[in-house]
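Visitor: Handing you a structure now.
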Amino acid sequence: MKKVIKASAGTGKTYRLSLEYLAALLKDIDFSEIIVMTFTKKATAEIKNRILKHLRAIITNSAEKDNVINSLKKIYPELKIEKNKLEKIYKDMIFNDEDIKIYTIDAFTNQIFNRG
């Protein structure tokens, strides 16, 4: 699954990207295999926080849960929201934080060239 989200500032990219990330998780794509790239360190932190916030909303039945699920269903109507699966993924992400691959473009490029 390859997805590119491009849009100008203030158009909801972070929100949409976090939903796409959750959809990928629900489609059995391991979080360690998902790469997210953006321009700033601030944006990387914001995206990661939004993904974890959405996961928490669903698994803890917070007030935001319905909004997140409804937004996911607008994009992927056939998507099955599995709370137990997301709870396990959330715990894995928290315990294996270093495997969450959300980078600035510069950091990603540096990582590629520093592996050799």
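Labels used: A, B, ... for chains in the order of the structure tokens, numbers from 1 for residues in each chain, and numbers from 1 for ligands as shown.
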Could you find all residues in chain A that DSSP calls strand (DSSP E or B) from the backbone, and write them as a list in words?

Guide: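 So, restricting chain A to strand (DSSP E or B), we get Ile35, Val36, Met37, Thr38, Lys101, Ile102, Tyr103 and Thr104 of chain A.
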
Visitor: Selected residues, N, CA and C atoms, written as a PDB file, in the first residue's frame, please.

Guide:
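Contents of out19.pdb, freshly written:
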```pdb
ATOM      1  N   ILE A  35       6.229   3.919   6.725  1.00  0.00           N
ATOM      2  CA  ILE A  35       7.132   5.070   6.782  1.00  0.00           C
ATOM      3  C   ILE A  35       6.332   6.327   6.481  1.00  0.00           C
ATOM      4  N   VAL A  36       6.473   7.295   7.358  1.00  0.00           N
ATOM      5  CA  VAL A  36       5.827   8.592   7.179  1.00  0.00           C
ATOM      6  C   VAL A  36       6.932   9.636   7.111  1.00  0.00           C
ATOM      7  N   MET A  37       6.849  10.507   6.105  1.00  0.00           N
ATOM      8  CA  MET A  37       7.845  11.571   5.968  1.00  0.00           C
ATOM      9  C   MET A  37       7.148  12.920   5.888  1.00  0.00           C
ATOM     10  N   THR A  38       7.766  13.893   6.517  1.00  0.00           N
ATOM     11  CA  THR A  38       7.266  15.258   6.478  1.00  0.00           C
ATOM     12  C   THR A  38       8.455  16.214   6.519  1.00  0.00           C
ATOM     13  N   LYS A 101       8.202   4.677  12.465  1.00  0.00           N
ATOM     14  CA  LYS A 101       9.041   5.349  11.473  1.00  0.00           C
ATOM     15  C   LYS A 101       8.352   6.600  10.923  1.00  0.00           C
ATOM     16  N   ILE A 102       8.484   7.663  11.686  1.00  0.00           N
ATOM     17  CA  ILE A 102       7.964   8.957  11.262  1.00  0.00           C
ATOM     18  C   ILE A 102       9.150   9.906  11.257  1.00  0.00           C
ATOM     19  N   TYR A 103       9.541  10.351  10.068  1.00  0.00           N
ATOM     20  CA  TYR A 103      10.780  11.094   9.880  1.00  0.00           C
ATOM     21  C   TYR A 103      10.554  12.424   9.173  1.00  0.00           C
ATOM     22  N   THR A 104      11.517  13.306   9.373  1.00  0.00           N
ATOM     23  CA  THR A 104      11.622  14.420   8.440  1.00  0.00           C
ATOM     24  C   THR A 104      12.279  13.843   7.189  1.00  0.00           C
TER      25      THR A 104
END
```

Visitor: Could you tell me, as number ranges by chain, which residues of chain A DSSP assigns to helix (DSSP H, G or I) when given the backbone?

Guide: A: 13-26, 31-33, 41-59, 65-75, 83-95, 97-99, 105-114

Visitor: Under the rule that only C-alpha atoms are counted, which of A:Lys88, A:Phe39, A:Lys80, A:Ser71 is the nearest residue to Ile59 (chain A)?

Guide: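 Smallest separation from Ile59 (chain A) among the options: A:Lys88.
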
Visitor: Grab the CA of Asn67 (chain A) to CA of Arg50 (chain A) distance for me, in Å with one decimal place.

Guide: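 The value is 13.3 Å.
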
Visitor: Quick one: residues within 9 Å of Arg56 (chain A), only C-alpha atoms, excluding same-chain residues fewer than 5 positions away - as a ChimeraX atom specification?

Guide: /A:51,61-62,65,86-87,90

Visitor: What is the CA of Glu64 (chain A)-CA of Ile29 (chain A) distance in Å, reported with one decimal?

Guide: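 Result for CA of Glu64 (chain A) versus CA of Ile29 (chain A): 23.9 Å, one decimal.
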